[in-house]
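The structure appears below as structure tokens.
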Amino acid sequence: MIRRLFSLSTALVLAAALLPGTVSAQKKEKDPAAHRAEVHADVVRMIDSYKKTDPGIDRFFKNSVGYAVFPRVGKAGFIVGGGAGDGEVFEKGRVVGFVSVGFGSVGLQIGIQEFSEIIFFENQAALERFKQNKFEFAGGVSLVIVKAGGADAANYRDGVVVFARPTGGAMAEASVGTQKFTYKADAK
């Protein structure tokens, strides 16, 4: 039993260590334009999917100053965890830049998971902080799981509201971590 647990632990630690590297390797294999086109196609599909799942989310698309969309974020962990993903930033309904997220956590956690995420910005100050790479989430950020009717009760907190939906894998965790975002504006 201890040997199995040790083997499982070792496999998960390796997966956690390799996941961000795998995402990085995939980016390097594709030329930047192809990667960007793939991310954009995923963003469009994800937005449509969120709107179909919960029509109430449409009020955030209409009323927010901007939003960041991450169609695929991967994470893995065993005690120590991490992950990464890419997305696009919208302002007044149009794409204004590309964004990456990286994160780490420590605590009781085990598993590998992929999820999607949208961060809506209530005001220009919150969006500008994000675009200046002065924005990160630390432990206890409030988020809404996308499901029918979930957006109806959601509200901004400190100028942002976050919606997320697991898309694959499984993760059990009681950990503390941070998400750090890196924004790059589109060339004008």
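Ligands are numbered from 1 in the order shown, residues from 1 within each chain, and chains are lettered A, B, ... in the order they appear in the structure tokens.
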
Q) Neighbours of stretch 108-124 of chain A within 7 Å (only C-alpha atoms; same-chain residues fewer than 3 positions away dropped), as a count of residues only? A) 38

Q) Mind pulling up the distance from atom CA of A:Gly87 to atom CA of A:Asp186? A)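 Pair atom CA of A:Asp186 / atom CA of A:Gly87 returns 12.6 Å.
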
**Q.** Polymer residues at most 10 Å from stretch 100-102 of chain A, only C-alpha atoms, same-chain spacing of 2 or more positions, as a PyMOL selection string
**A.** chain A and resi 20+68+70+73-75+82-88+98+104+136+178-184

Q: Would you please extract all alpha helix (DSSP H) residues from stretch 22-135 of chain A, as assigned by DSSP on the backbone, and give them as JSON, numbers by chain?
A: {"A": [22, 23, 24, 25, 26, 27, 28, 29, 32, 33, 34, 35, 36, 37, 38, 39, 40, 41, 42, 43, 44, 45, 46, 47, 48, 49, 50, 51, 52, 53, 58, 59, 60, 61, 62, 63, 124, 125, 126, 127, 128, 129, 130, 131]}

Keeping only C-alpha atoms, write those residues as a short mmCIF file (atom, residue, chain, number, x, y, z; two decimals), in the first residue's frame.
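Contents of out-v3.cif, as written:
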```cif
data_model
loop_
_atom_site.label_atom_id
_atom_site.label_comp_id
_atom_site.auth_asym_id
_atom_site.auth_seq_id
_atom_site.Cartn_x
_atom_site.Cartn_y
_atom_site.Cartn_z
CA THR A 22 4.43 20.79 -21.72
CA VAL A 23 2.34 23.91 -22.27
CA SER A 24 5.55 25.83 -22.91
CA ALA A 25 6.85 23.18 -25.32
CA GLN A 26 3.56 23.23 -27.24
CA LYS A 27 3.86 27.01 -27.63
CA LYS A 28 7.40 26.70 -28.96
CA GLU A 29 6.44 24.01 -31.49
CA PRO A 32 3.20 32.47 -32.66
CA ALA A 33 0.57 33.35 -35.28
CA ALA A 34 -0.73 29.76 -35.41
CA HIS A 35 -0.83 29.55 -31.61
CA ARG A 36 -2.65 32.87 -31.39
CA ALA A 37 -5.20 31.76 -34.03
CA GLU A 38 -5.84 28.53 -32.12
CA VAL A 39 -6.31 30.40 -28.84
CA HIS A 40 -8.71 32.86 -30.53
CA ALA A 41 -10.82 30.02 -31.97
CA ASP A 42 -10.97 28.40 -28.51
CA VAL A 43 -11.93 31.75 -26.92
CA VAL A 44 -14.84 32.24 -29.35
CA ARG A 45 -16.12 28.69 -28.73
CA MET A 46 -15.79 29.07 -24.98
CA ILE A 47 -17.68 32.38 -24.84
CA ASP A 48 -20.50 30.82 -26.86
CA SER A 49 -20.53 27.79 -24.56
CA TYR A 50 -20.69 29.94 -21.41
CA LYS A 51 -23.59 31.97 -22.85
CA LYS A 52 -25.51 28.80 -23.75
CA THR A 53 -24.91 27.24 -20.34
CA ASP A 58 -24.62 38.00 -20.95
CA ARG A 59 -25.13 40.99 -18.63
CA PHE A 60 -21.42 40.84 -17.73
CA PHE A 61 -20.39 40.77 -21.39
CA LYS A 62 -22.62 43.81 -22.04
CA ASN A 63 -21.90 45.87 -18.91
CA GLN A 124 -11.51 51.04 -16.29
CA ALA A 125 -9.22 51.19 -13.24
CA ALA A 126 -9.44 47.40 -12.72
CA LEU A 127 -8.87 46.72 -16.43
CA GLU A 128 -5.89 49.10 -16.58
CA ARG A 129 -4.32 47.45 -13.52
CA PHE A 130 -4.66 44.12 -15.36
CA LYS A 131 -3.20 45.50 -18.61
#
```

Q: Have a look at atom CA of A:Ala154 and atom CA of A:Arg94 and let me know their distance in Å, one decimal.
A: 23.3 Å

Q: May I ask which of the residues A:Phe103, A:Ile57, A:Lys30, A:Ala185 is the closest one to A:Val89, counting only C-alpha atoms?
A: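 The answer is A:Ala185, which sits nearest to A:Val89.
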
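If you look at atom CA of A:Asp54 and atom CA of A:Asn155, they are 14.8 Å away from each other.
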